[in-house]
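K.L.:
My questions all concern the structure below.
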Amino acid sequence: MSLLLPDIGGYRPEDIEFVAAFDIDRRKVGEPLSQAIFACPNNTLAFEDGSDWSGVTVSAGRILDGVSDPVRGAAEYGFLPIETGEGTRESIVETLRASGAEVAINFMPVGSQQATEFYAECAIEAGVAFVNAIPVFIASDPKWAARFAEAGLPVLGDDFKGQVGATIVHRALVDLFKLRNAEVDCSYQLNVGGNTDFLNMVDEERLASKRLSKTESVQSAAKSRFAARNLQIGPSDFVPWLKDRKVAFIRMEGRLFGGAPINVEVRMDVEDSPNAAVMAVAAIRLARLARDRGLKGAQPDISAFLFKHPPEQMRDDEGHRRILEFIGRCAT
């Protein structure tokens, strides 16, 4: 299995224990996690049977802005929200405390600003570290970073890069041009997919932070910033039969020595969820290690390699080096 960072300060993937889970879909709430995780609208590749998670019952979460119009009631591809019995701040905090949770991870749909802030509040009150997997800015927002610091808790984020996803490939190509002192005049990255994430993002109003997160990740790798009109990045459409596959189309137009033109095109086809899940497996263990060491607030050194919009943007090789240094410091 192609695992990122198998050993993080003595913590291995098998040391992660699920102790609580929250959802708002009536096909999942009240069910054992071992069953709920395979219920619709999940449509990704299954490579574990989930039997180890049967002892955790999925609790009702809070909807807020976590369900967009495109996914509401779209039974096979979207959500069937619970009609009564939403979780409250008090009930969610109590569940986290009673479970003994030490790290919470947020995988809300893109554009869930209110819901993400709600769960960040719950994490602070429950005293658990927070990993923000989506492009709502928490770790990279100085106000939220300060709140976690005041609570004595680490926060990692924001918005996972895939293990080998469209943004990391795009960054690598832009960085290659910079390394070889070639010019990139304009570029795009257009993505389509068939999971609930892509259906949710049909609502253009939910995409502002997603486009910013992906765009800034690529901009930070460029020799000089693209003019806004010369860089277009973001989800393009929902294609149901692709299921959890994400297909990315990347194009770069530039110039070599003497102004000679160069055009590069890449078509990338990848299973979307495992590409992010492997980053989650690393981030959860890093957050626990940061907590063990008494670190507080945003963690730039262990966020830049994993996330598109970290508190501090870095080259990927530099971000990787800093994570290894962090792990090494913990071992001494």
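Here, A, B, ... name the chains of the structure tokens in the order displayed, residue numbers run from 1 inside each chain, and ligands are numbered from 1 in the same displayed order.
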Can you tell me which residues surround Glu17 in chain A at a distance of at most 10 Å, considering only C-alpha atoms, apart from same-chain residues fewer than 3 positions away, and format the answer as number ranges by chain?

P.N.:
A: 13-14, 20, 52-53, 101

K.L.:
Which residues are close to Ile8 in chain A, i.e. within 9 Å by only C-alpha atoms, leaving aside same-chain residues fewer than 3 positions away? Reply as a list in words.

P.N.:
Leu5, Tyr11, Arg12, Ala282, Arg285, Leu286, Leu289, Leu324, Ile327, Gly328 and Cys330 of chain A

K.L.:
Mind writing the picked residues with N, CA, C and O atoms as a short mmCIF file (atom, residue, chain, number, x, y, z; two decimals), in the first residue's frame?

P.N.:
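As written to disk, out.cif reads:
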```cif
data_model
loop_
_atom_site.label_atom_id
_atom_site.label_comp_id
_atom_site.auth_asym_id
_atom_site.auth_seq_id
_atom_site.Cartn_x
_atom_site.Cartn_y
_atom_site.Cartn_z
N LEU A 5 4.39 8.63 4.89
CA LEU A 5 4.90 8.73 6.26
C LEU A 5 4.37 7.60 7.14
O LEU A 5 3.54 7.81 8.03
N TYR A 11 3.80 6.74 15.88
CA TYR A 11 2.40 6.49 15.54
C TYR A 11 2.31 5.96 14.12
O TYR A 11 2.79 6.59 13.17
N ARG A 12 1.67 4.83 13.98
CA ARG A 12 1.45 4.21 12.68
C ARG A 12 -0.05 4.29 12.34
O ARG A 12 -0.88 4.55 13.23
N ALA A 282 -2.03 10.80 7.53
CA ALA A 282 -0.82 11.47 7.99
C ALA A 282 -1.16 12.64 8.91
O ALA A 282 -0.55 12.81 9.98
N ARG A 285 -2.17 11.83 12.59
CA ARG A 285 -1.03 11.44 13.44
C ARG A 285 -0.12 12.62 13.74
O ARG A 285 0.41 12.75 14.84
N LEU A 286 0.05 13.52 12.75
CA LEU A 286 0.86 14.71 13.00
C LEU A 286 0.19 15.62 14.03
O LEU A 286 0.87 16.21 14.89
N LEU A 289 0.78 14.16 17.40
CA LEU A 289 2.15 14.38 17.83
C LEU A 289 2.37 15.84 18.26
O LEU A 289 3.05 16.11 19.25
N LEU A 324 9.68 16.07 8.04
CA LEU A 324 10.65 15.07 8.50
C LEU A 324 11.47 15.61 9.67
O LEU A 324 11.77 14.87 10.61
N ILE A 327 9.23 15.41 12.75
CA ILE A 327 9.15 14.04 13.25
C ILE A 327 10.46 13.68 13.96
O ILE A 327 10.46 13.06 15.03
N GLY A 328 11.59 14.07 13.36
CA GLY A 328 12.89 13.77 13.95
C GLY A 328 13.07 14.43 15.30
O GLY A 328 13.60 13.84 16.25
N CYS A 330 10.75 15.09 17.36
CA CYS A 330 9.91 14.39 18.32
C CYS A 330 10.55 13.09 18.79
O CYS A 330 10.21 12.57 19.85
#
```

K.L.:
Kindly indicate which residue among A:Ala46, A:Cys122, A:Ala298, A:Leu207 lies nearest to Ala145 in chain A, using only C-alpha atoms for the distances.

P.N.:
A:Ala298

K.L.:
Where in range 100-143 of chain A does DSSP assign helix (DSSP H, G or I), given as an MDAnalysis selection string?

P.N.:
chainID A and resid 113:126 142:143

K.L.:
Go ahead and save the picked residues with all heavy atoms, as a short mmCIF file (atom, residue, chain, number, x, y, z; two decimals), in the first residue's frame.

P.N.:
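Output below, filename again.cif:
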```cif
data_model
loop_
_atom_site.label_atom_id
_atom_site.label_comp_id
_atom_site.auth_asym_id
_atom_site.auth_seq_id
_atom_site.Cartn_x
_atom_site.Cartn_y
_atom_site.Cartn_z
N GLN A 113 -19.02 27.15 5.25
CA GLN A 113 -18.34 28.10 6.14
C GLN A 113 -18.91 28.03 7.56
O GLN A 113 -18.16 27.86 8.54
CB GLN A 113 -18.49 29.52 5.59
CG GLN A 113 -17.78 30.59 6.39
CD GLN A 113 -16.30 30.66 6.12
OE1 GLN A 113 -15.87 30.45 4.99
NE2 GLN A 113 -15.51 30.95 7.14
N GLN A 114 -20.22 28.18 7.68
CA GLN A 114 -20.83 28.18 9.00
C GLN A 114 -20.63 26.84 9.71
O GLN A 114 -20.31 26.81 10.91
CB GLN A 114 -22.33 28.48 8.89
CG GLN A 114 -22.66 29.85 8.36
CD GLN A 114 -24.15 30.02 8.11
OE1 GLN A 114 -24.97 29.25 8.63
NE2 GLN A 114 -24.52 31.02 7.33
N ALA A 115 -20.83 25.75 8.99
CA ALA A 115 -20.72 24.43 9.60
C ALA A 115 -19.28 24.15 10.04
O ALA A 115 -19.05 23.58 11.11
CB ALA A 115 -21.20 23.36 8.63
N THR A 116 -18.30 24.53 9.22
CA THR A 116 -16.90 24.30 9.60
C THR A 116 -16.54 25.11 10.84
O THR A 116 -15.89 24.60 11.76
CB THR A 116 -15.98 24.68 8.43
OG1 THR A 116 -16.23 23.78 7.34
CG2 THR A 116 -14.52 24.58 8.82
N GLU A 117 -16.98 26.36 10.89
CA GLU A 117 -16.70 27.18 12.06
C GLU A 117 -17.40 26.61 13.30
O GLU A 117 -16.85 26.65 14.41
CB GLU A 117 -17.12 28.62 11.81
CG GLU A 117 -16.24 29.31 10.76
CD GLU A 117 -16.63 30.75 10.51
OE1 GLU A 117 -17.69 31.18 11.04
OE2 GLU A 117 -15.89 31.46 9.80
N PHE A 118 -18.60 26.06 13.09
CA PHE A 118 -19.32 25.43 14.20
C PHE A 118 -18.52 24.27 14.78
O PHE A 118 -18.35 24.16 16.01
CB PHE A 118 -20.69 24.95 13.71
CG PHE A 118 -21.44 24.09 14.69
CD1 PHE A 118 -22.16 24.66 15.73
CD2 PHE A 118 -21.43 22.70 14.56
CE1 PHE A 118 -22.85 23.85 16.63
CE2 PHE A 118 -22.12 21.89 15.46
CZ PHE A 118 -22.84 22.48 16.50
N TYR A 119 -18.01 23.39 13.91
CA TYR A 119 -17.25 22.24 14.41
C TYR A 119 -15.90 22.64 14.96
O TYR A 119 -15.39 22.00 15.89
CB TYR A 119 -17.10 21.19 13.30
CG TYR A 119 -18.37 20.40 13.08
CD1 TYR A 119 -19.18 20.62 11.97
CD2 TYR A 119 -18.78 19.44 14.01
CE1 TYR A 119 -20.36 19.92 11.79
CE2 TYR A 119 -19.96 18.74 13.83
CZ TYR A 119 -20.75 18.98 12.71
OH TYR A 119 -21.92 18.28 12.54
N ALA A 120 -15.31 23.71 14.44
CA ALA A 120 -14.08 24.22 15.03
C ALA A 120 -14.34 24.70 16.46
O ALA A 120 -13.54 24.46 17.37
CB ALA A 120 -13.51 25.35 14.17
N GLU A 121 -15.48 25.38 16.65
CA GLU A 121 -15.88 25.81 17.99
C GLU A 121 -16.05 24.60 18.92
O GLU A 121 -15.59 24.62 20.07
CB GLU A 121 -17.19 26.59 17.93
CG GLU A 121 -17.11 27.94 17.26
CD GLU A 121 -16.77 29.05 18.25
OE1 GLU A 121 -16.42 28.71 19.40
OE2 GLU A 121 -16.82 30.22 17.84
N CYS A 122 -16.70 23.57 18.41
CA CYS A 122 -16.91 22.36 19.22
C CYS A 122 -15.59 21.72 19.61
O CYS A 122 -15.41 21.25 20.74
CB CYS A 122 -17.78 21.37 18.45
SG CYS A 122 -19.50 21.86 18.23
N ALA A 123 -14.64 21.69 18.67
CA ALA A 123 -13.33 21.11 18.95
C ALA A 123 -12.62 21.88 20.05
O ALA A 123 -12.04 21.29 20.97
CB ALA A 123 -12.48 21.08 17.68
N ILE A 124 -12.67 23.21 19.97
CA ILE A 124 -12.03 24.03 21.00
C ILE A 124 -12.67 23.76 22.36
O ILE A 124 -11.97 23.56 23.36
CB ILE A 124 -12.14 25.53 20.63
CG1 ILE A 124 -11.22 25.84 19.44
CG2 ILE A 124 -11.79 26.41 21.82
CD1 ILE A 124 -11.39 27.23 18.87
N GLU A 125 -14.00 23.74 22.40
CA GLU A 125 -14.68 23.53 23.68
C GLU A 125 -14.43 22.13 24.23
O GLU A 125 -14.31 21.95 25.45
CB GLU A 125 -16.18 23.78 23.52
CG GLU A 125 -16.93 23.78 24.84
CD GLU A 125 -18.37 24.25 24.72
OE1 GLU A 125 -18.69 24.94 23.72
OE2 GLU A 125 -19.17 23.93 25.62
N ALA A 126 -14.33 21.14 23.35
CA ALA A 126 -14.10 19.76 23.80
C ALA A 126 -12.64 19.49 24.09
O ALA A 126 -12.31 18.44 24.67
CB ALA A 126 -14.61 18.78 22.72
N PRO A 142 -5.65 33.99 10.80
CA PRO A 142 -4.99 34.35 12.05
C PRO A 142 -5.94 34.39 13.26
O PRO A 142 -5.53 34.07 14.38
CB PRO A 142 -4.40 35.74 11.76
CG PRO A 142 -4.20 35.75 10.27
CD PRO A 142 -5.35 34.96 9.71
N LYS A 143 -7.19 34.79 13.05
CA LYS A 143 -8.12 34.86 14.17
C LYS A 143 -8.43 33.47 14.71
O LYS A 143 -8.43 33.26 15.94
CB LYS A 143 -9.41 35.57 13.73
CG LYS A 143 -9.22 37.04 13.41
CD LYS A 143 -10.53 37.69 13.00
CE LYS A 143 -10.33 39.17 12.66
NZ LYS A 143 -11.60 39.80 12.21
#
```

K.L.:
Using only C-alpha atoms, find the one residue out of A:Ser112, A:Asn275, A:Asn191, A:Gln313 that sits nearest to Val67 in chain A.

P.N.:
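Nearest candidate to Val67 in chain A out of A:Ser112, A:Asn275, A:Asn191, A:Gln313: A:Ser112.
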
K.L.:
Any chance you could list, as a ChimeraX atom specification, the residues in range 125-247 of chain A that come up strand (DSSP E or B) when DSSP is run on the backbone?

P.N.:
/A:129-132,154-156,160,183-193,231-238,245-247

K.L.:
Considering only C-alpha atoms, state which residue in the set A:Gly162, A:Gly152, A:Gly50, A:Pro41 is at the smallest distance from Asn195 in chain A.

P.N.:
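The shortest atom-to-atom distance to Asn195 in chain A comes from A:Pro41.
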
K.L.:
Quick one: residues within 10 Å of Val270 in chain A, only C-alpha atoms counted, chain neighbours fewer than 3 positions away excluded, as a list of chain:residue names?

P.N.:
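These residues fall inside the cut-off: A:Gly162, A:Val164, A:Gly165, A:Ala166, A:Gly193, A:Asp244, A:Arg245, A:Lys246, A:Val247, A:Ala248, A:Ser273, A:Pro274, A:Asn275.
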
K.L.:
Rank nothing, just name the residue among A:Ile323, A:Glu86, A:Val71, A:Trp144 nearest to Met201 in chain A, using only C-alpha atoms.

P.N.:
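Among A:Ile323, A:Glu86, A:Val71, A:Trp144, it is A:Val71 that comes nearest to Met201 in chain A.
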
K.L.:
Near range 252-262 of chain A, counting only C-alpha atoms, which residues have an atom at most 8 Å away, once you skip same-chain residues fewer than 5 positions from it, shown as a PyMOL selection string?

P.N.:
chain A and resi 182-188
